[in-house]
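Undergrad: protein_27.pdb is reproduced below (PDB, C-alpha atoms).
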ATOM      1  CA  MET A   1     161.901  30.868 198.328
ATOM      2  CA  LYS A   2     163.407  34.078 199.471
ATOM      3  CA  ARG A   3     164.628  36.884 197.279
ATOM      4  CA  ARG A   4     167.689  38.833 198.031
ATOM      5  CA  GLY A   5     167.034  41.460 200.635
ATOM      6  CA  GLY A   6     164.936  39.047 202.738
ATOM      7  CA  ARG A   7     161.600  39.162 200.805
ATOM      8  CA  SER A   8     159.988  35.941 199.836
ATOM      9  CA  LYS A   9     158.774  35.491 196.292
ATOM     10  CA  LYS A  10     155.306  33.880 195.691
ATOM     11  CA  PRO A  11     154.993  31.426 192.836
ATOM     12  CA  ALA A  12     154.060  32.921 189.474
ATOM     13  CA  PHE A  13     150.946  30.767 189.064
ATOM     14  CA  TRP A  14     149.486  32.112 192.322
ATOM     15  CA  THR A  15     149.965  35.681 191.135
ATOM     16  CA  ILE A  16     148.340  34.977 187.805
ATOM     17  CA  GLY A  17     145.325  33.250 189.420
ATOM     18  CA  LEU A  18     144.835  36.126 191.842
ATOM     19  CA  ALA A  19     144.877  38.604 188.989
ATOM     20  CA  ALA A  20     142.350  36.599 187.054
ATOM     21  CA  MET A  21     140.011  36.478 190.056
ATOM     22  CA  LEU A  22     140.268  40.241 190.476
ATOM     23  CA  VAL A  23     139.468  40.786 186.847
ATOM     24  CA  LEU A  24     136.449  38.428 186.949
ATOM     25  CA  GLY A  25     135.225  39.994 190.155
ATOM     26  CA  SER A  26     135.322  43.439 188.683
ATOM     27  CA  CYS A  27     133.709  42.790 185.322
ATOM     28  CA  ALA A  28     131.471  39.672 185.657
ATOM     29  CA  THR A  29     128.389  39.322 187.890
ATOM     30  CA  VAL A  30     125.845  36.544 188.409
ATOM     31  CA  PRO A  31     122.986  37.461 186.093
ATOM     32  CA  ASP A  32     119.552  38.121 187.593
ATOM     33  CA  ARG A  33     116.607  35.795 186.712
ATOM     34  CA  PRO A  34     115.387  36.999 183.332
ATOM     35  CA  GLN A  35     112.090  38.921 183.431
ATOM     36  CA  ILE A  36     109.271  37.473 181.277
ATOM     37  CA  GLN A  37     107.674  40.253 179.338
ATOM     38  CA  PRO A  38     104.008  39.819 178.360
ATOM     39  CA  LEU A  39     103.338  39.369 174.689
ATOM     40  CA  PRO A  40     101.469  42.071 172.913
ATOM     41  CA  PRO A  41      97.827  41.279 172.323
ATOM     42  CA  THR A  42      98.427  40.436 168.685
ATOM     43  CA  ALA A  43     100.954  37.784 169.643
ATOM     44  CA  ILE A  44      98.828  35.968 172.258
ATOM     45  CA  GLU A  45      98.036  32.474 171.149
ATOM     46  CA  ARG A  46      94.337  31.828 171.305
ATOM     47  CA  THR A  47      93.004  28.549 172.681
ATOM     48  CA  PRO A  48      91.153  26.732 169.919
ATOM     49  CA  THR A  49      87.352  27.009 170.362
ATOM     50  CA  VAL A  50      85.678  23.708 171.143
ATOM     51  CA  GLN A  51      82.612  23.408 168.955
ATOM     52  CA  PRO A  52      79.535  21.744 170.502
ATOM     53  CA  ARG A  53      79.009  18.241 169.312
ATOM     54  CA  GLN A  54      76.492  18.175 166.532
ATOM     55  CA  GLY A  55      73.883  15.478 166.089
ATOM     56  CA  PRO A  56      73.848  13.240 163.062
ATOM     57  CA  VAL A  57      73.108  14.953 159.784
ATOM     58  CA  ARG A  58      69.583  14.112 158.623
ATOM     59  CA  ASP A  59      68.943  14.074 154.902
ATOM     60  CA  SER A  60      65.343  12.877 155.168
ATOM     61  CA  PHE A  61      62.254  13.077 157.391
ATOM     62  CA  SER A  62      61.444  10.773 160.285
ATOM     63  CA  TYR A  63      58.062  10.348 161.960
ATOM     64  CA  SER A  64      56.289   8.977 165.020
ATOM     65  CA  GLY A  65      52.533   8.826 165.435
ATOM     66  CA  SER A  66      49.436   7.759 163.516
ATOM     67  CA  MET A  67      49.510   8.524 159.799
ATOM     68  CA  ILE A  68      45.787   7.904 159.524
ATOM     69  CA  GLN A  69      42.599   9.948 159.257
ATOM     70  CA  GLY A  70      42.164  11.716 162.620
ATOM     71  CA  GLY A  71      45.767  11.117 163.671
ATOM     72  CA  ILE A  72      48.725  13.349 164.474
ATOM     73  CA  VAL A  73      52.405  12.858 163.744
ATOM     74  CA  ILE A  74      55.491  14.370 165.334
ATOM     75  CA  GLY A  75      58.203  14.557 162.716
ATOM     76  CA  ILE A  76      61.872  15.488 162.567
ATOM     77  CA  ALA A  77      62.852  17.620 159.590
ATOM     78  CA  PRO A  78      66.066  17.190 157.580
ATOM     79  CA  SER A  79      69.091  18.989 159.019
ATOM     80  CA  GLY A  80      69.317  22.672 158.158
ATOM     81  CA  THR A  81      65.600  23.053 157.402
ATOM     82  CA  THR A  82      64.674  26.735 157.348
ATOM     83  CA  LEU A  83      61.172  26.413 155.888
ATOM     84  CA  LEU A  84      58.669  23.574 156.064
ATOM     85  CA  SER A  85      55.365  23.351 154.223
ATOM     86  CA  PHE A  86      52.554  20.833 154.640
ATOM     87  CA  ASN A  87      50.123  20.723 151.729
ATOM     88  CA  GLY A  88      51.268  24.245 150.849
ATOM     89  CA  ALA A  89      50.895  25.743 154.357
ATOM     90  CA  ASP A  90      53.904  26.710 156.472
ATOM     91  CA  VAL A  91      54.584  24.591 159.556
ATOM     92  CA  PRO A  92      56.910  25.828 162.340
ATOM     93  CA  VAL A  93      59.994  23.739 163.084
ATOM     94  CA  ALA A  94      61.418  23.718 166.626
ATOM     95  CA  ALA A  95      65.107  24.215 167.355
ATOM     96  CA  ASP A  96      65.608  20.459 167.632
ATOM     97  CA  GLY A  97      64.042  19.917 164.206
ATOM     98  CA  ARG A  98      60.707  18.576 165.490
ATOM     99  CA  PHE A  99      57.317  19.604 164.126
ATOM    100  CA  LEU A 100      53.674  18.572 164.418
ATOM    101  CA  ILE A 101      51.157  17.810 161.686
ATOM    102  CA  GLY A 102      47.625  16.396 161.836
ATOM    103  CA  PHE A 103      45.175  14.690 159.493
ATOM    104  CA  ASP A 104      41.499  15.602 159.472
ATOM    105  CA  ARG A 105      38.749  13.013 159.773
ATOM    106  CA  ASP A 106      38.138  13.458 156.036
ATOM    107  CA  ALA A 107      41.793  13.826 154.984
ATOM    108  CA  GLY A 108      42.631  12.630 151.492
ATOM    109  CA  PRO A 109      44.825   9.620 150.750
ATOM    110  CA  THR A 110      48.079  11.586 150.464
ATOM    111  CA  ALA A 111      49.759  14.704 151.840
ATOM    112  CA  THR A 112      52.965  16.476 150.843
ATOM    113  CA  LEU A 113      55.794  17.803 153.003
ATOM    114  CA  ILE A 114      58.503  20.023 151.548
ATOM    115  CA  ALA A 115      61.554  21.074 153.569
ATOM    116  CA  THR A 116      63.750  23.886 152.258
ATOM    117  CA  ARG A 117      67.280  23.691 153.674
ATOM    118  CA  ASP A 118      69.774  26.457 154.381
ATOM    119  CA  ASP A 119      71.736  25.577 151.235
ATOM    120  CA  GLY A 120      68.637  26.039 149.090
ATOM    121  CA  ARG A 121      68.018  22.362 148.458
ATOM    122  CA  GLN A 122      64.559  20.895 148.996
ATOM    123  CA  VAL A 123      63.537  17.569 150.477
ATOM    124  CA  ARG A 124      60.067  16.388 149.485
ATOM    125  CA  ASP A 125      58.052  13.553 151.003
ATOM    126  CA  THR A 126      54.639  12.241 149.997
ATOM    127  CA  LEU A 127      52.745  10.807 152.949
ATOM    128  CA  THR A 128      50.153   8.050 152.632
ATOM    129  CA  ILE A 129      47.139   8.593 154.918
ATOM    130  CA  ALA A 130      45.273   5.450 155.922
ATOM    131  CA  PRO A 131      41.443   5.626 155.607
ATOM    132  CA  ARG A 132      39.011   4.640 158.370
ATOM    133  CA  GLY A 133      35.434   3.482 158.725
ATOM    134  CA  TRP A 134      32.998   5.386 160.954
ATOM    135  CA  ASP A 135      30.192   4.414 163.292
ATOM    136  CA  VAL A 136      26.686   5.833 163.137
ATOM    137  CA  SER A 137      24.986   7.023 166.357
ATOM    138  CA  ARG A 138      21.204   7.352 166.422
ATOM    139  CA  LEU A 139      19.728   9.879 168.859
ATOM    140  CA  ASN A 140      16.090   9.478 167.945
ATOM    141  CA  SER A 141      14.801  11.489 170.915
ATOM    142  CA  LEU A 142      16.975  14.561 170.302
ATOM    143  CA  PRO A 143      16.086  17.164 167.686
ATOM    144  CA  LYS A 144      18.928  18.525 165.610
ATOM    145  CA  ILE A 145      18.519  22.039 167.026
ATOM    146  CA  PRO A 146      17.126  21.997 170.591
ATOM    147  CA  LEU A 147      16.418  25.740 170.746
ATOM    148  CA  PRO A 148      13.866  27.708 168.733
ATOM    149  CA  GLN A 149      15.576  28.689 165.487
ATOM    150  CA  PRO A 150      15.402  32.481 166.018
ATOM    151  CA  GLU A 151      17.023  32.224 169.451
ATOM    152  CA  PHE A 152      19.761  29.889 168.190
ATOM    153  CA  ASP A 153      20.505  32.181 165.247
ATOM    154  CA  ARG A 154      20.773  35.128 167.632
ATOM    155  CA  LEU A 155      23.171  33.476 170.077
ATOM    156  CA  ARG A 156      25.327  31.270 167.884
ATOM    157  CA  PRO A 157      27.359  33.853 165.901
ATOM    158  CA  ALA A 158      28.851  35.422 169.043
ATOM    159  CA  GLU A 159      29.694  31.976 170.436
ATOM    160  CA  LEU A 160      31.454  30.927 167.245
ATOM    161  CA  ALA A 161      33.359  34.216 167.217
ATOM    162  CA  GLN A 162      34.699  33.458 170.714
ATOM    163  CA  ILE A 163      35.694  29.928 169.742
ATOM    164  CA  ASN A 164      37.437  31.017 166.546
ATOM    165  CA  ALA A 165      39.257  33.843 168.322
ATOM    166  CA  ALA A 166      40.500  31.407 170.959
ATOM    167  CA  ARG A 167      41.833  29.032 168.318
ATOM    168  CA  ARG A 168      43.838  31.827 166.735
ATOM    169  CA  ILE A 169      45.832  32.239 169.949
ATOM    170  CA  GLN A 170      49.280  30.692 169.627
ATOM    171  CA  SER A 171      50.971  29.902 172.920
ATOM    172  CA  ASP A 172      54.528  28.765 173.606
ATOM    173  CA  SER A 173      53.325  25.572 175.282
ATOM    174  CA  GLN A 174      55.333  22.409 174.656
ATOM    175  CA  GLY A 175      52.499  20.093 175.652
ATOM    176  CA  TRP A 176      52.274  18.780 172.079
ATOM    177  CA  ARG A 177      55.536  16.911 172.724
ATOM    178  CA  GLN A 178      54.117  14.967 175.672
ATOM    179  CA  THR A 179      52.308  11.667 175.887
ATOM    180  CA  PHE A 180      48.666  12.660 176.336
ATOM    181  CA  LEU A 181      46.613  11.136 179.135
ATOM    182  CA  TRP A 182      42.861  10.673 179.321
ATOM    183  CA  PRO A 183      41.254  13.585 181.188
ATOM    184  CA  THR A 184      38.864  11.113 182.787
ATOM    185  CA  THR A 185      38.245   7.387 182.564
ATOM    186  CA  GLY A 186      34.998   5.597 181.889
ATOM    187  CA  ARG A 187      32.811   4.145 179.187
ATOM    188  CA  ILE A 188      33.199   5.722 175.773
ATOM    189  CA  SER A 189      29.627   6.427 174.731
ATOM    190  CA  THR A 190      30.304   8.044 171.347
ATOM    191  CA  LEU A 191      33.383   7.656 169.170
ATOM    192  CA  PHE A 192      35.173  10.335 167.177
ATOM    193  CA  GLY A 193      34.037  10.673 163.593
ATOM    194  CA  SER A 194      30.732   8.930 163.996
ATOM    195  CA  GLN A 195      27.708  10.262 162.144
ATOM    196  CA  ARG A 196      24.738  11.326 164.266
ATOM    197  CA  ILE A 197      21.207  10.741 163.084
ATOM    198  CA  TYR A 198      18.721  12.866 165.010
ATOM    199  CA  LYS A 199      14.984  12.819 165.452
ATOM    200  CA  ASN A 200      12.991  12.141 162.273
ATOM    201  CA  GLY A 201      16.143  10.755 160.615
ATOM    202  CA  GLU A 202      17.758  14.164 160.161
ATOM    203  CA  ALA A 203      21.527  13.755 159.710
ATOM    204  CA  GLY A 204      23.912  16.019 161.542
ATOM    205  CA  SER A 205      27.607  16.707 161.228
ATOM    206  CA  TYR A 206      29.991  13.987 162.307
ATOM    207  CA  HIS A 207      31.072  13.770 165.946
ATOM    208  CA  SER A 208      34.139  15.929 166.478
ATOM    209  CA  GLY A 209      35.423  14.258 169.650
ATOM    210  CA  VAL A 210      35.033  11.399 172.099
ATOM    211  CA  ASP A 211      32.232  11.221 174.670
ATOM    212  CA  VAL A 212      33.024   9.611 178.035
ATOM    213  CA  ALA A 213      30.045   8.848 180.252
ATOM    214  CA  LYS A 214      30.702  10.355 183.705
ATOM    215  CA  PRO A 215      28.463  11.480 186.582
ATOM    216  CA  THR A 216      28.108  15.216 187.009
ATOM    217  CA  GLY A 217      30.889  16.590 189.194
ATOM    218  CA  SER A 218      33.623  14.138 188.114
ATOM    219  CA  VAL A 219      37.098  15.696 188.083
ATOM    220  CA  ILE A 220      38.527  16.471 184.638
ATOM    221  CA  LEU A 221      42.315  16.634 184.166
ATOM    222  CA  ALA A 222      44.474  18.475 181.655
ATOM    223  CA  PRO A 223      45.641  15.838 179.142
ATOM    224  CA  ALA A 224      48.959  17.650 178.578
ATOM    225  CA  ASP A 225      50.668  20.933 179.438
ATOM    226  CA  GLY A 226      48.983  23.952 177.945
ATOM    227  CA  VAL A 227      47.582  27.450 178.213
ATOM    228  CA  VAL A 228      43.873  28.168 178.764
ATOM    229  CA  ILE A 229      42.556  30.034 175.722
ATOM    230  CA  LEU A 230      38.827  29.981 176.516
ATOM    231  CA  ALA A 231      36.884  29.486 179.746
ATOM    232  CA  ALA A 232      33.228  30.266 179.068
ATOM    233  CA  ASP A 233      31.553  32.461 181.678
ATOM    234  CA  HIS A 234      28.122  31.105 180.692
ATOM    235  CA  PRO A 235      26.870  27.967 178.912
ATOM    236  CA  PHE A 236      27.011  28.056 175.113
ATOM    237  CA  THR A 237      23.953  26.805 173.205
ATOM    238  CA  LEU A 238      25.639  23.597 172.008
ATOM    239  CA  GLU A 239      28.846  23.182 174.037
ATOM    240  CA  GLY A 240      27.489  24.262 177.419
ATOM    241  CA  ASN A 241      30.296  25.341 179.751
ATOM    242  CA  LEU A 242      33.268  25.208 177.381
ATOM    243  CA  LEU A 243      36.971  25.027 178.275
ATOM    244  CA  MET A 244      39.749  25.194 175.673
ATOM    245  CA  ILE A 245      43.467  24.576 176.248
ATOM    246  CA  ASP A 246      46.234  25.241 173.737
ATOM    247  CA  HIS A 247      49.070  22.679 173.726
ATOM    248  CA  GLY A 248      51.287  24.554 171.263
ATOM    249  CA  ALA A 249      52.194  23.911 167.604
ATOM    250  CA  GLY A 250      48.552  24.453 166.585
ATOM    251  CA  LEU A 251      47.086  21.651 168.735
ATOM    252  CA  ASN A 252      44.281  22.423 171.194
ATOM    253  CA  THR A 253      41.806  20.649 173.476
ATOM    254  CA  ALA A 254      38.118  21.454 174.001
ATOM    255  CA  PHE A 255      36.055  20.132 176.923
ATOM    256  CA  LEU A 256      32.278  20.458 176.530
ATOM    257  CA  HIS A 257      29.209  20.190 178.806
ATOM    258  CA  LEU A 258      31.136  20.958 182.012
ATOM    259  CA  SER A 259      29.343  21.698 185.259
ATOM    260  CA  ARG A 260      32.210  23.883 186.490
ATOM    261  CA  ILE A 261      35.448  25.406 185.155
ATOM    262  CA  ASP A 262      38.287  25.846 187.658
ATOM    263  CA  VAL A 263      40.895  27.691 185.554
ATOM    264  CA  ARG A 264      41.018  31.064 183.850
ATOM    265  CA  VAL A 265      42.072  32.365 180.445
ATOM    266  CA  GLY A 266      45.842  32.789 180.163
ATOM    267  CA  GLN A 267      46.597  30.314 182.939
ATOM    268  CA  HIS A 268      49.304  27.707 182.323
ATOM    269  CA  VAL A 269      48.178  24.214 183.262
ATOM    270  CA  SER A 270      50.214  21.047 183.710
ATOM    271  CA  ARG A 271      49.574  17.545 182.494
ATOM    272  CA  GLY A 272      47.297  15.808 185.031
ATOM    273  CA  GLN A 273      46.165  19.032 186.727
ATOM    274  CA  PRO A 274      42.445  19.217 187.676
ATOM    275  CA  VAL A 275      40.818  21.891 185.511
ATOM    276  CA  ALA A 276      37.043  21.310 185.603
ATOM    277  CA  LEU A 277      34.116  19.106 186.609
ATOM    278  CA  SER A 278      31.996  17.091 184.191
ATOM    279  CA  GLY A 279      28.324  17.836 183.624
ATOM    280  CA  MET A 280      25.523  17.979 181.054
ATOM    281  CA  THR A 281      25.234  21.664 180.204
ATOM    282  CA  GLY A 282      24.414  22.714 176.661
ATOM    283  CA  ARG A 283      23.224  20.180 174.142
ATOM    284  CA  ALA A 284      23.550  16.906 176.060
ATOM    285  CA  THR A 285      21.250  13.966 176.739
ATOM    286  CA  GLY A 286      23.070  12.899 179.894
ATOM    287  CA  PRO A 287      26.120  13.702 182.027
ATOM    288  CA  HIS A 288      29.378  13.074 180.161
ATOM    289  CA  LEU A 289      32.619  14.659 179.015
ATOM    290  CA  HIS A 290      33.025  15.535 175.359
ATOM    291  CA  TRP A 291      36.751  15.819 174.568
ATOM    292  CA  SER A 292      37.763  17.099 171.181
ATOM    293  CA  LEU A 293      41.174  17.916 169.705
ATOM    294  CA  LYS A 294      42.031  20.104 166.734
ATOM    295  CA  TRP A 295      45.279  20.734 164.897
ATOM    296  CA  ARG A 296      44.661  23.976 163.042
ATOM    297  CA  ASP A 297      41.443  23.196 161.114
ATOM    298  CA  ALA A 298      41.856  19.420 161.247
ATOM    299  CA  LYS A 299      39.689  17.495 163.714
ATOM    300  CA  ILE A 300      41.798  14.915 165.570
ATOM    301  CA  ASP A 301      40.709  11.682 167.267
ATOM    302  CA  PRO A 302      41.635  11.754 171.007
ATOM    303  CA  LEU A 303      41.672   7.946 171.000
ATOM    304  CA  LEU A 304      44.646   8.000 168.612
ATOM    305  CA  VAL A 305      46.464  10.606 170.698
ATOM    306  CA  ALA A 306      45.879   9.259 174.235
ATOM    307  CA  GLY A 307      45.735   5.570 173.361
ATOM    308  CA  PRO A 308      43.218   2.980 174.578
ATOM    309  CA  MET A 309      40.970   3.993 177.455
ATOM    310  CA  PRO A 310      42.518   2.892 180.773
ATOM    311  CA  ARG A 311      40.457   0.748 183.095
ATOM    312  CA  SER A 312      38.372   2.902 185.416
ATOM    313  CA  GLU A 313      39.190   2.740 189.117
TER
END
Can you give me the file's structure in the form of structure tokens?
TA:
Amino acid sequence: MKRRGGRSKKPAFWTIGLAAMLVLGSCATVPDRPQIQPLPPTAIERTPTVQPRQGPVRDSFSYSGSMIQGGIVIGIAPSGTTLLSFNGADVPVAADGRFLIGFDRDAGPTATLIATRDDGRQVRDTLTIAPRGWDVSRLNSLPKIPLPQPEFDRLRPAELAQINAARRIQSDSQGWRQTFLWPTTGRISTLFGSQRIYKNGEAGSYHSGVDVAKPTGSVILAPADGVVILAADHPFTLEGNLLMIDHGAGLNTAFLHLSRIDVRVGQHVSRGQPVALSGMTGRATGPHLHWSLKWRDAKIDPLLVAGPMPRSE
């Protein structure tokens, strides 16, 4: 369409649309991507902490071992136990709740365990200790004290002081948790707990360990992991060359009558490691190994700890 004067006239809608585009172009822009501002520390959501899975809650004791005169037991205390007493004496409890107790050759018929838990409650258990019968060994050719009395009286106090000092050493060994092996194999010549009758019918103290008949120079192995707490530098009057190993939790081994000791005090030894050679030093009628075990003051039967004697090779 042409207007008068020769100019053409654009349609009104075109003019309006162009004006709208100009207005939008001048006052509206494509927004930038919004910036994510970090939250202040107080507003950060924390990831929930995953608690380690706890074992089952134990409201009573559990045991494994020989609840018999001369035996030892590994127990598990009730959950949350902070203090454990055995016949009135404190017993340490490991982080996993396990503990060790032992019963002397002459232990009474019952014993008492009391666990105090972190909430103040107590769990009490009365243990029944099975009795045993004992053999009698007659050594008619051996006097009760083989040395002249004055000499024995002079030497023995210092020897006992060394032995008692060694037994007071508490190592961090975990050998008490292991299955004990026999340090040597052979014929058991004298059983634990047997009564010895010496020359002229004079009775001695009961046998504190197990005797295994072995030729001099036979290799002796550590029955479980441990720390050497005594390695005699000369033969004692009764024990001869004496080696003692602490297995932790109050349990220790003593090897008597050795011909040679191959470890030193403070040395850590492993289960099955050679530590000495058998012999007949000290008060012995023939070559053999005397193996004794003690838990605190209780004498323990190695036969109950290591099991039946394996067949010798």
Undergrad: Just the number, please: distance in Å from atom CA of Phe236 of chain A to atom CA of Arg156 of chain A, one decimal.
TA: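 Result for atom CA of Phe236 of chain A versus atom CA of Arg156 of chain A: 8.1 Å, one decimal.
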Undergrad: Counting all atoms listed in the file, which residues come within 7 Å of (40.7, 8.3, 181.9), with the point read in the file's coordinates, and could you list them as a ChimeraX atom specification?
TA: /A:182-186,309-310,312
Undergrad: Need the shell around Ala77 of chain A: protein/DNA/RNA residues with any atom at most 10 Å away, counting all atoms listed in the file. Skip same-chain ones fewer than 6 positions apart. Format as a PDB file with C-alpha atoms, in the coordinates of the input?
TA:
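Okay, this is what ended up in part.pdb:
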ATOM      1  CA  ARG A  58      69.583  14.112 158.623  1.00  0.00           C
ATOM      2  CA  ASP A  59      68.943  14.074 154.902  1.00  0.00           C
ATOM      3  CA  SER A  60      65.343  12.877 155.168  1.00  0.00           C
ATOM      4  CA  PHE A  61      62.254  13.077 157.391  1.00  0.00           C
ATOM      5  CA  SER A  62      61.444  10.773 160.285  1.00  0.00           C
ATOM      6  CA  TYR A  63      58.062  10.348 161.960  1.00  0.00           C
ATOM      7  CA  LEU A  83      61.172  26.413 155.888  1.00  0.00           C
ATOM      8  CA  LEU A  84      58.669  23.574 156.064  1.00  0.00           C
ATOM      9  CA  VAL A  93      59.994  23.739 163.084  1.00  0.00           C
ATOM     10  CA  ALA A  94      61.418  23.718 166.626  1.00  0.00           C
ATOM     11  CA  ASP A  96      65.608  20.459 167.632  1.00  0.00           C
ATOM     12  CA  GLY A  97      64.042  19.917 164.206  1.00  0.00           C
ATOM     13  CA  ARG A  98      60.707  18.576 165.490  1.00  0.00           C
ATOM     14  CA  PHE A  99      57.317  19.604 164.126  1.00  0.00           C
ATOM     15  CA  LEU A 113      55.794  17.803 153.003  1.00  0.00           C
ATOM     16  CA  ILE A 114      58.503  20.023 151.548  1.00  0.00           C
ATOM     17  CA  ALA A 115      61.554  21.074 153.569  1.00  0.00           C
ATOM     18  CA  THR A 116      63.750  23.886 152.258  1.00  0.00           C
ATOM     19  CA  ARG A 117      67.280  23.691 153.674  1.00  0.00           C
ATOM     20  CA  VAL A 123      63.537  17.569 150.477  1.00  0.00           C
TER      21      VAL A 123
END
Undergrad: I need the residue nearest Val275 of chain A from this list: A:Ser259, A:Ser194, A:Thr128, A:Ser205. Use only C-alpha atoms for the distance.
TA: A:Ser259
Undergrad: Figure out the distance between atom CA of Thr285 of chain A and atom CA of Asn164 of chain A, please, to one decimal in Å.
TA: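 Computing the Euclidean distance for atom CA of Asn164 of chain A and atom CA of Thr285 of chain A yields 25.6 Å.
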Undergrad: Determine the residue set returned by the PyMOL selection byres ((chain A and resi 180) around 12) for the present structure, and present it as a count of residues only.
TA: 33
Undergrad: Between atom CA of Arg168 of chain A and atom CA of Phe255 of chain A, what distance in Å does the model show, to one decimal?
TA: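 Between these atoms lies a distance of 17.4 Å.
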Undergrad: Just give me the residues with any atom within 9 Å of (49.1, 18.0, 157.4), file coordinates, counting only C-alpha atoms, written as a list in words.
TA: Ile72, Val73, Ser85, Phe86, Asn87, Ala89, Val91, Leu100, Ile101, Gly102, Phe103, Asp104, Ala107, Ala111, Thr112, Leu113, Trp295 and Ala298 of chain A
Undergrad: Evaluate the PyMOL selection byres ((chain A and resi 68) around 8) here and jot the selected residues down as a PyMOL selection string.
TA: chain A and resi 66-67+69-72+103+129-132
Undergrad: Find the residues near Pro215 of chain A: any atom within 10 Å, counting all atoms listed in the file, skip ones fewer than 6 places away on the same chain, and give them as a list in words.
TA: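 What passes the distance filter is Gly186, Leu277, Ser278, Gly279, Met280, Gly286, Pro287, His288 and Leu289 of chain A.
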Undergrad: Determine the residue set returned by the PyMOL selection byres ((chain A and resi 292) around 9) for the present structure, and present it as JSON, numbers by chain.
TA: {"A": [192, 208, 209, 210, 211, 252, 253, 254, 255, 256, 290, 291, 293, 294, 299, 300, 301, 302]}
Undergrad: Kindly indicate which residue among A:Leu258, A:Ala203, A:Ile76, A:Ala166 lies nearest to His234 of chain A, using all atoms listed in the file for the distances.
TA: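 Looking only at the distances to His234 of chain A, the closest residue turns out to be A:Leu258.
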Undergrad: Pick out the closest residue to His257 of chain A from this set: A:Leu243, A:Val57, A:Val269, A:Val228. Count all atoms listed in the file.
TA: A:Leu243
Undergrad: Within 9 Å of Asn140 of chain A, counting only C-alpha atoms, which residues qualify if same-chain residues fewer than 4 places away don't, as a ChimeraX atom specification?
TA: /A:197-201
Undergrad: Nearest residue to Lys144 of chain A out of A:Arg167, A:Arg187, A:His268, A:Arg196, using all atoms listed in the file?
TA: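 Among A:Arg167, A:Arg187, A:His268, A:Arg196, it is A:Arg196 that comes nearest to Lys144 of chain A.
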Undergrad: Considering only C-alpha atoms, can you say which of A:Val263, A:Thr82, A:Gln170, A:Pro56 comes closest to Asp246 of chain A?
TA: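 With only C-alpha atoms as the atom set, the closest residue is A:Gln170.
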Undergrad: Missing atoms in segment 240-250 of chain A: fill them in up to N, CA, C and O atoms and send the result as a PDB file, keeping the file's coordinate frame.
TA:
ATOM      1  N   GLY A 240      27.646  24.042 175.984  1.00  0.00           N
ATOM      2  CA  GLY A 240      27.489  24.262 177.419  1.00  0.00           C
ATOM      3  C   GLY A 240      28.689  25.019 177.958  1.00  0.00           C
ATOM      4  O   GLY A 240      29.240  25.895 177.287  1.00  0.00           O
ATOM      5  N   ASN A 241      29.091  24.717 179.191  1.00  0.00           N
ATOM      6  CA  ASN A 241      30.296  25.341 179.751  1.00  0.00           C
ATOM      7  C   ASN A 241      31.521  24.762 179.028  1.00  0.00           C
ATOM      8  O   ASN A 241      31.815  23.577 179.137  1.00  0.00           O
ATOM      9  N   LEU A 242      32.212  25.623 178.307  1.00  0.00           N
ATOM     10  CA  LEU A 242      33.268  25.208 177.381  1.00  0.00           C
ATOM     11  C   LEU A 242      34.628  25.663 177.882  1.00  0.00           C
ATOM     12  O   LEU A 242      34.821  26.832 178.222  1.00  0.00           O
ATOM     13  N   LEU A 243      35.588  24.736 177.903  1.00  0.00           N
ATOM     14  CA  LEU A 243      36.971  25.027 178.275  1.00  0.00           C
ATOM     15  C   LEU A 243      37.877  24.606 177.137  1.00  0.00           C
ATOM     16  O   LEU A 243      37.758  23.490 176.620  1.00  0.00           O
ATOM     17  N   MET A 244      38.802  25.504 176.746  1.00  0.00           N
ATOM     18  CA  MET A 244      39.749  25.194 175.673  1.00  0.00           C
ATOM     19  C   MET A 244      41.168  25.438 176.163  1.00  0.00           C
ATOM     20  O   MET A 244      41.453  26.454 176.810  1.00  0.00           O
ATOM     21  N   ILE A 245      42.060  24.515 175.833  1.00  0.00           N
ATOM     22  CA  ILE A 245      43.467  24.576 176.248  1.00  0.00           C
ATOM     23  C   ILE A 245      44.342  24.415 175.015  1.00  0.00           C
ATOM     24  O   ILE A 245      44.165  23.467 174.233  1.00  0.00           O
ATOM     25  N   ASP A 246      45.290  25.320 174.847  1.00  0.00           N
ATOM     26  CA  ASP A 246      46.234  25.241 173.737  1.00  0.00           C
ATOM     27  C   ASP A 246      47.479  24.490 174.190  1.00  0.00           C
ATOM     28  O   ASP A 246      48.070  24.815 175.217  1.00  0.00           O
ATOM     29  N   HIS A 247      47.893  23.491 173.405  1.00  0.00           N
ATOM     30  CA  HIS A 247      49.070  22.679 173.726  1.00  0.00           C
ATOM     31  C   HIS A 247      50.293  23.060 172.893  1.00  0.00           C
ATOM     32  O   HIS A 247      51.342  22.413 172.998  1.00  0.00           O
ATOM     33  N   GLY A 248      50.176  24.116 172.095  1.00  0.00           N
ATOM     34  CA  GLY A 248      51.287  24.554 171.263  1.00  0.00           C
ATOM     35  C   GLY A 248      51.295  23.866 169.906  1.00  0.00           C
ATOM     36  O   GLY A 248      50.643  22.831 169.700  1.00  0.00           O
ATOM     37  N   ALA A 249      52.024  24.459 168.959  1.00  0.00           N
ATOM     38  CA  ALA A 249      52.194  23.911 167.604  1.00  0.00           C
ATOM     39  C   ALA A 249      50.876  23.747 166.857  1.00  0.00           C
ATOM     40  O   ALA A 249      50.764  22.946 165.934  1.00  0.00           O
ATOM     41  N   GLY A 250      49.837  24.503 167.268  1.00  0.00           N
ATOM     42  CA  GLY A 250      48.552  24.453 166.585  1.00  0.00           C
ATOM     43  C   GLY A 250      47.584  23.425 167.108  1.00  0.00           C
ATOM     44  O   GLY A 250      46.486  23.277 166.557  1.00  0.00           O
TER      45      GLY A 250
END
